[in-house]
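Peer 1: This is the structure I want to talk about, given as structure tokens.
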Amino acid sequence: MAERGGSCLDGQATGMAWSVLAEVGRLLEELANRGQTASIDLRSLPLTDADRTELEALLGRGEVRVELDLAGRSEIWETGYPGAWWIRHRGAGDRISSEEIAVCPVPEILATHPADIEAAARRLCRTLRESGPAAAAELSETQLETSHV
Amino acid sequence: MSDKNSVPDKKPDPAQTLGERLAERGVSRRSFLKFASYTASIMALPPTAATAIAQGLANARRQSVIWLSFQECTGCTESITRAHTPSIEDLIFDFISLDYHHTLQNASGHAAEAARETAMKENAGEYIVVVDGSVPLKDDGIYSTIAGISNLQMLEETVRDAFAVIAVGSCATFGGIPGANPNPTGAVPISEIITDKPVINISGCPPIPEAMTGTVAYLLSFGAIPELDHLGRPRAFFGEAIHDRCYRRPFYERGMFAKSFDDAGARQGWCLYEVGCKGPVTYNACATLKWNGGVSFPIQSGHGCLGCSEPGFWDLGGFYKPLSTAKNDPLKWAAGAAAVGAAVGAASAMAARNLRKKSLKAAAAAAPKAAAEEKE
């Protein structure tokens, strides 16, 4: 990956991709047997660009792909092995700020937080109160009365 | 209809949590989780810690920070406020209330000092003091004064009711350039003055921005100080030598060294050990986090590490002198081994560790002695 750049080993695969793949397999077993979720921080591993490309190819792509737009772009996709998700967060200059493989039914970041749901309900109610059809009707009546005067 | 992204013009309620506060500005809990994933990653915490960080941040109150600048060059401020487009990394500035900072605040003179006093009073026992710059002790500290008082007086007064102190930059952590030989102002690091409060040292000239923001995020999330090394630095950022994570390390192991900055070895990216790189004795995260948003770091740009995050780096014997020919020559035998290729790797690493121990011991011994002399 060019943005990590500079390593003399970047063009060479070191076999790390297969090690990570084995770890993903073990974690998927844990998820299937015990419902245990887990994550692997890819930035903490000495992966070369070639390793990363190899790992991405080995895991493949599944049915779900999501793009988030929050303080920079984020991409999440389910790999070809359901339950293993690739999560790539981008920060300043669209550079990767964190990257992990989450082994779980659904990545936590996709679920709406209860606090956000509460805030959404309050905001929508306020909008309806201030700008909904009832408010609009009330406003029209006021305008009508004013024009008569 | 109200704009969910609009900033409310009312004064923020101090009891409001960060989650509530940012929700008013349209920042969702997903953003917290994304920031938390980023923080966990840069602090080498397990990815599963992200949930706890996000929860901790969302429930925290906005943290009052008082930033004191003493004998310094403002490079540390330049580093933490690096200009980028608004991004996940910048969310930290929504989590803190920077109540006093010479360079960044609008107020000046009496109004500036009043802001510091108000922040201290309103957040007694809870505010964080960040200090960049060393403190001069010679001649009653007259070499650096602010608002008519010495740096020492201002530091002691401000830290009295603080929750924690973060010394940023090599001047505040180890004396830095003001403390370099012959140390004309009697400059000392913060940890030498403040002994009754936790002092977190984030060294570097300047420090890596993520080391500063990550530490503050950790403090906010967990209400505790991250694990520190023997020099009071967060292990997450200072746990490994630059050399250990350097992409040129394979050349070192094979004994392939650039002999000058324009020879064939330098052009092919060989190890810069013999042109003075201090990577083997320098503990910092430059090789992994890099600079300017992860673009590069000095060694990747073709220059050896200066060792700026280590005590006494300015007096280590010259930036372009290899460690093996430095004064006292503790690595002489290792340099000889360079000729036999890979053997130099292990030998130099061991000798470098010895040199580091010696330099740290010397710095530790010299600092109190110098301070005592100045006090006399």
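Order determines the names: the first chain of the structure tokens is A, the second B, and so forth; residues in each chain are numbered 1 upward, and ligands are numbered 1 upward as they are shown.
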Given only C-alpha atoms, how would the per-residue table for chain B near chain A read, listing every residue at most 9 Å away with its closest atom pair and distance in Å to one decimal, sorted by chain and number, as a Markdown table?

Peer 2:
```
| residue | atom | partner | partner_atom | distance |
| --- | --- | --- | --- | --- |
| B:Met1 | CA | A:Thr127 | CA | 5.6 |
| B:Ser2 | CA | A:Thr127 | CA | 7.2 |
| B:Lys4 | CA | A:Arg123 | CA | 8.3 |
| B:Gly19 | CA | A:Ala115 | CA | 8.4 |
| B:Glu20 | CA | A:Ala115 | CA | 8.5 |
| B:Ala23 | CA | A:Ala119 | CA | 7.5 |
| B:Glu24 | CA | A:Ala119 | CA | 8.6 |
| B:Val27 | CA | A:Leu70 | CA | 8.1 |
| B:Ser28 | CA | A:Asp116 | CA | 6.4 |
| B:Arg29 | CA | A:His113 | CA | 6.3 |
| B:Arg30 | CA | A:Ile109 | CA | 5.6 |
| B:Ser31 | CA | A:Leu70 | CA | 6.0 |
| B:Leu33 | CA | A:Ile109 | CA | 6.5 |
| B:Lys34 | CA | A:His89 | CA | 7.2 |
| B:Phe35 | CA | A:Ala71 | CA | 9.0 |
| B:Ser37 | CA | A:Ser98 | CA | 6.7 |
| B:Tyr38 | CA | A:Ser98 | CA | 5.2 |
| B:Thr39 | CA | A:Ser98 | CA | 8.7 |
| B:Ala40 | CA | A:Ser98 | CA | 8.9 |
| B:Ser41 | CA | A:Ser98 | CA | 6.3 |
| B:Ile42 | CA | A:Ser98 | CA | 8.2 |
| B:Ala44 | CA | A:Ser44 | CA | 6.9 |
| B:Pro46 | CA | A:Asp41 | CA | 7.4 |
| B:Pro47 | CA | A:Ser39 | CA | 5.8 |
| B:Thr48 | CA | A:Ser39 | CA | 6.5 |
| B:Thr51 | CA | A:Glu108 | CA | 8.5 |
| B:His84 | CA | A:Ala92 | CA | 6.1 |
| B:Thr85 | CA | A:Ala92 | CA | 6.0 |
| B:Pro86 | CA | A:Ala71 | CA | 6.9 |
| B:Ser87 | CA | A:Ala71 | CA | 4.6 |
| B:Ile88 | CA | A:Ala71 | CA | 4.9 |
| B:Glu89 | CA | A:Gly91 | CA | 6.5 |
| B:Asp90 | CA | A:Ala92 | CA | 8.7 |
| B:Leu91 | CA | A:Ala71 | CA | 8.3 |
| B:Arg245 | CA | A:Pro46 | CA | 8.9 |
| B:Cys246 | CA | A:Ser7 | CA | 8.7 |
| B:Tyr247 | CA | A:Ser7 | CA | 5.2 |
| B:Arg248 | CA | A:Cys8 | CA | 7.1 |
| B:Pro250 | CA | A:Cys8 | CA | 8.5 |
| B:Gly269 | CA | A:Cys8 | CA | 7.6 |
| B:Thr288 | CA | A:Ser44 | CA | 8.9 |
| B:Gly293 | CA | A:Ala92 | CA | 6.9 |
| B:Gly294 | CA | A:Arg4 | CA | 7.4 |
| B:Val295 | CA | A:Glu3 | CA | 7.1 |
| B:Ser296 | CA | A:Gly6 | CA | 8.1 |
| B:Gln300 | CA | A:Gly6 | CA | 6.5 |
```

Peer 1: Would you return as a list in words the members of range 65-145 of chain A that DSSP assigns to strand (DSSP E or B) on this structure's backbone?

Peer 2: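 Restricting range 65-145 of chain A to strand (DSSP E or B) produces Arg65, Val66, Glu67, Leu68, Asp69, Arg73, Ser74, Glu75, Ile76, Trp77, Glu78, Ala84, Trp85, Trp86, Ile87, Arg88, His89, Arg90, Ile96, Ser97, Ser98, Glu99, Glu100, Ile101, Ala102 and Val103 of chain A.
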
Peer 1: Hey, which of B:Val275, B:Ala124, B:Leu152, B:Ala115 ends up closest to Ser260 in chain B? Count only C-alpha atoms.

Peer 2: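 Comparing B:Val275, B:Ala124, B:Leu152, B:Ala115 against Ser260 in chain B, the winner is B:Val275.
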
Peer 1: List the neighbours of Arg65 in chain A out to 10 Å using only C-alpha atoms; skip same-chain residues closer than 6 positions along the sequence, and give me the result as an MDAnalysis selection string.

Peer 2: chainID A and resid 75:79 85:86

Peer 1: Quick one: residues within 10 Å of Arg21 in chain B, only C-alpha atoms, excluding same-chain residues fewer than 5 positions away - as a PyMOL selection string?

Peer 2: chain B and resi 8+12-16+26-27+58+61-62+94-95

Peer 1: Using only C-alpha atoms, please write the residues we just selected to a file, as a short mmCIF file (atom, residue, chain, number, x, y, z; two decimals), in the first residue's frame.

Peer 2:
```cif
data_model
loop_
_atom_site.label_atom_id
_atom_site.label_comp_id
_atom_site.auth_asym_id
_atom_site.auth_seq_id
_atom_site.Cartn_x
_atom_site.Cartn_y
_atom_site.Cartn_z
CA PRO B 8 -25.22 26.19 19.84
CA PRO B 12 -21.70 24.92 27.43
CA ASP B 13 -23.09 23.31 30.57
CA PRO B 14 -20.07 21.99 32.53
CA ALA B 15 -22.14 19.04 33.78
CA GLN B 16 -22.83 17.94 30.22
CA GLY B 26 -24.38 16.17 15.18
CA VAL B 27 -21.40 14.03 16.20
CA ALA B 58 -18.87 9.67 25.94
CA ARG B 61 -16.92 15.79 31.07
CA ARG B 62 -15.01 18.19 28.85
CA ASP B 94 -13.59 18.71 21.07
CA PHE B 95 -12.85 16.65 24.17
#
```

Peer 1: Quick one, how far is CA of Asp229 in chain B from CA of Val131 in chain B?

Peer 2: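 Going from CA of Asp229 in chain B over to CA of Val131 in chain B covers 19.2 Å.
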
Peer 1: In Å to one decimal, how far is CA of Asp139 in chain B from CA of Glu113 in chain B?

Peer 2: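 Computing it gives 24.3 Å between the two atoms.
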
Peer 1: CA of Gly239 in chain B and CA of Tyr283 in chain B are how many Å apart?

Peer 2: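 Pair CA of Gly239 in chain B / CA of Tyr283 in chain B returns 6.5 Å.
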
Peer 1: When you look at Gly125 in chain B with a cut-off of 12 Å (counting only C-alpha atoms), what residues show up, excluding the ones that are within fewer than 2 positions of it in the same chain? I need them as a count of residues only.

Peer 2: 20

Peer 1: Would you mind telling me which residue in B:Thr74, B:Val130, B:Ala50, B:Leu57 lies nearest to Leu98 in chain B when using only C-alpha atoms?

Peer 2: B:Val130

Peer 1: From a DSSP calculation on the backbone, collect every residue of range 41-251 of chain B in alpha helix (DSSP H) and output the set as number ranges by chain.

Peer 2: B: 41-42, 49-59, 75-80, 92-95, 109-122, 151-159, 169-174, 209-222, 235-238, 249-251

Peer 1: Applying 7 Å and only C-alpha atoms, which residues near Ala285 in chain B remain after dropping the ones on its own chain fewer than 2 positions away? List them as a PDB file with C-alpha atoms, in the first residue's frame.

Peer 2:
```pdb
ATOM      1  CA  PHE B 237       4.720   5.221  22.395  1.00  0.00           C
ATOM      2  CA  PHE B 238       8.144   4.806  23.970  1.00  0.00           C
ATOM      3  CA  ILE B 242      13.155   3.280  16.645  1.00  0.00           C
ATOM      4  CA  ALA B 287       9.068   4.421  12.723  1.00  0.00           C
ATOM      5  CA  THR B 288       5.493   3.258  13.212  1.00  0.00           C
ATOM      6  CA  LEU B 289       3.291   6.363  13.603  1.00  0.00           C
TER       7      LEU B 289
END
```

Peer 1: For Glu240 in chain B, which residue out of B:Leu137, B:Cys271, B:Val281, B:Leu220 is the nearest one, using only C-alpha atoms?

Peer 2: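 Looking at the shortest contact to Glu240 in chain B, the residue is B:Val281.
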
Peer 1: For Leu21 in chain A, find every residue with an atom within 12 Å (counting only C-alpha atoms), except residues of its own chain fewer than 6 positions away, and show them as a ChimeraX atom specification.

Peer 2: /A:15,27-28,40,42,51-52,54-60,79,81,84,101,103

Peer 1: Can you spit out the residues from that selection as a PDB file, in the first residue's frame, using N, CA and C atoms?

Peer 2:
```pdb
ATOM      1  N   GLY A  15       4.679 -14.380   4.261  1.00  0.00           N
ATOM      2  CA  GLY A  15       3.965 -15.511   4.835  1.00  0.00           C
ATOM      3  C   GLY A  15       3.046 -15.108   5.984  1.00  0.00           C
ATOM      4  N   LEU A  27     -10.480 -17.717  15.482  1.00  0.00           N
ATOM      5  CA  LEU A  27     -11.461 -16.812  16.082  1.00  0.00           C
ATOM      6  C   LEU A  27     -12.879 -17.095  15.590  1.00  0.00           C
ATOM      7  N   LEU A  28     -12.997 -17.504  14.327  1.00  0.00           N
ATOM      8  CA  LEU A  28     -14.325 -17.858  13.799  1.00  0.00           C
ATOM      9  C   LEU A  28     -14.873 -19.085  14.530  1.00  0.00           C
ATOM     10  N   ILE A  40      -8.598  -8.309  15.351  1.00  0.00           N
ATOM     11  CA  ILE A  40      -7.147  -8.329  15.112  1.00  0.00           C
ATOM     12  C   ILE A  40      -6.766  -6.951  14.564  1.00  0.00           C
ATOM     13  N   LEU A  42      -4.685  -4.836  12.518  1.00  0.00           N
ATOM     14  CA  LEU A  42      -3.731  -5.089  11.432  1.00  0.00           C
ATOM     15  C   LEU A  42      -2.546  -4.122  11.471  1.00  0.00           C
ATOM     16  N   ASP A  51       1.886  -8.582   1.827  1.00  0.00           N
ATOM     17  CA  ASP A  51       1.162  -9.420   2.799  1.00  0.00           C
ATOM     18  C   ASP A  51      -0.296  -8.995   2.883  1.00  0.00           C
ATOM     19  N   ARG A  52      -0.483  -7.680   2.964  1.00  0.00           N
ATOM     20  CA  ARG A  52      -1.825  -7.134   3.130  1.00  0.00           C
ATOM     21  C   ARG A  52      -2.694  -7.464   1.910  1.00  0.00           C
ATOM     22  N   GLU A  54      -2.220  -9.893  -0.135  1.00  0.00           N
ATOM     23  CA  GLU A  54      -2.448 -11.338  -0.139  1.00  0.00           C
ATOM     24  C   GLU A  54      -3.566 -11.721   0.839  1.00  0.00           C
ATOM     25  N   LEU A  55      -3.520 -11.097   2.023  1.00  0.00           N
ATOM     26  CA  LEU A  55      -4.535 -11.400   3.044  1.00  0.00           C
ATOM     27  C   LEU A  55      -5.920 -10.999   2.558  1.00  0.00           C
ATOM     28  N   GLU A  56      -5.979  -9.810   1.921  1.00  0.00           N
ATOM     29  CA  GLU A  56      -7.271  -9.335   1.413  1.00  0.00           C
ATOM     30  C   GLU A  56      -7.810 -10.304   0.365  1.00  0.00           C
ATOM     31  N   ALA A  57      -6.904 -10.787  -0.492  1.00  0.00           N
ATOM     32  CA  ALA A  57      -7.325 -11.715  -1.542  1.00  0.00           C
ATOM     33  C   ALA A  57      -7.737 -13.062  -0.950  1.00  0.00           C
ATOM     34  N   LEU A  58      -6.995 -13.522   0.054  1.00  0.00           N
ATOM     35  CA  LEU A  58      -7.306 -14.819   0.660  1.00  0.00           C
ATOM     36  C   LEU A  58      -8.660 -14.790   1.370  1.00  0.00           C
ATOM     37  N   LEU A  59      -8.956 -13.668   2.006  1.00  0.00           N
ATOM     38  CA  LEU A  59     -10.233 -13.566   2.714  1.00  0.00           C
ATOM     39  C   LEU A  59     -11.395 -13.305   1.766  1.00  0.00           C
ATOM     40  N   GLY A  60     -11.102 -12.643   0.665  1.00  0.00           N
ATOM     41  CA  GLY A  60     -12.134 -12.384  -0.336  1.00  0.00           C
ATOM     42  C   GLY A  60     -13.206 -11.417   0.140  1.00  0.00           C
ATOM     43  N   THR A  79     -16.019 -10.352   4.800  1.00  0.00           N
ATOM     44  CA  THR A  79     -15.120 -11.102   3.926  1.00  0.00           C
ATOM     45  C   THR A  79     -15.875 -12.309   3.370  1.00  0.00           C
ATOM     46  N   TYR A  81     -15.686 -15.079   4.333  1.00  0.00           N
ATOM     47  CA  TYR A  81     -15.952 -15.985   5.460  1.00  0.00           C
ATOM     48  C   TYR A  81     -16.891 -15.250   6.419  1.00  0.00           C
ATOM     49  N   ALA A  84     -16.416 -12.727   9.610  1.00  0.00           N
ATOM     50  CA  ALA A  84     -15.120 -12.025   9.621  1.00  0.00           C
ATOM     51  C   ALA A  84     -15.270 -10.756   8.791  1.00  0.00           C
ATOM     52  N   ILE A 101      -9.515  -6.611  11.618  1.00  0.00           N
ATOM     53  CA  ILE A 101     -10.467  -7.647  11.213  1.00  0.00           C
ATOM     54  C   ILE A 101     -11.276  -7.979  12.457  1.00  0.00           C
ATOM     55  N   VAL A 103     -14.155 -10.192  14.239  1.00  0.00           N
ATOM     56  CA  VAL A 103     -14.870 -11.465  14.098  1.00  0.00           C
ATOM     57  C   VAL A 103     -16.090 -11.385  15.010  1.00  0.00           C
TER      58      VAL A 103
END
```

Peer 1: Using only C-alpha atoms for the distances, tell me which of B:Tyr218, B:Phe70, B:Phe319, B:Phe313 is nearest to Ile190 in chain B.

Peer 2: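 Looking at the shortest contact to Ile190 in chain B, the residue is B:Phe70.
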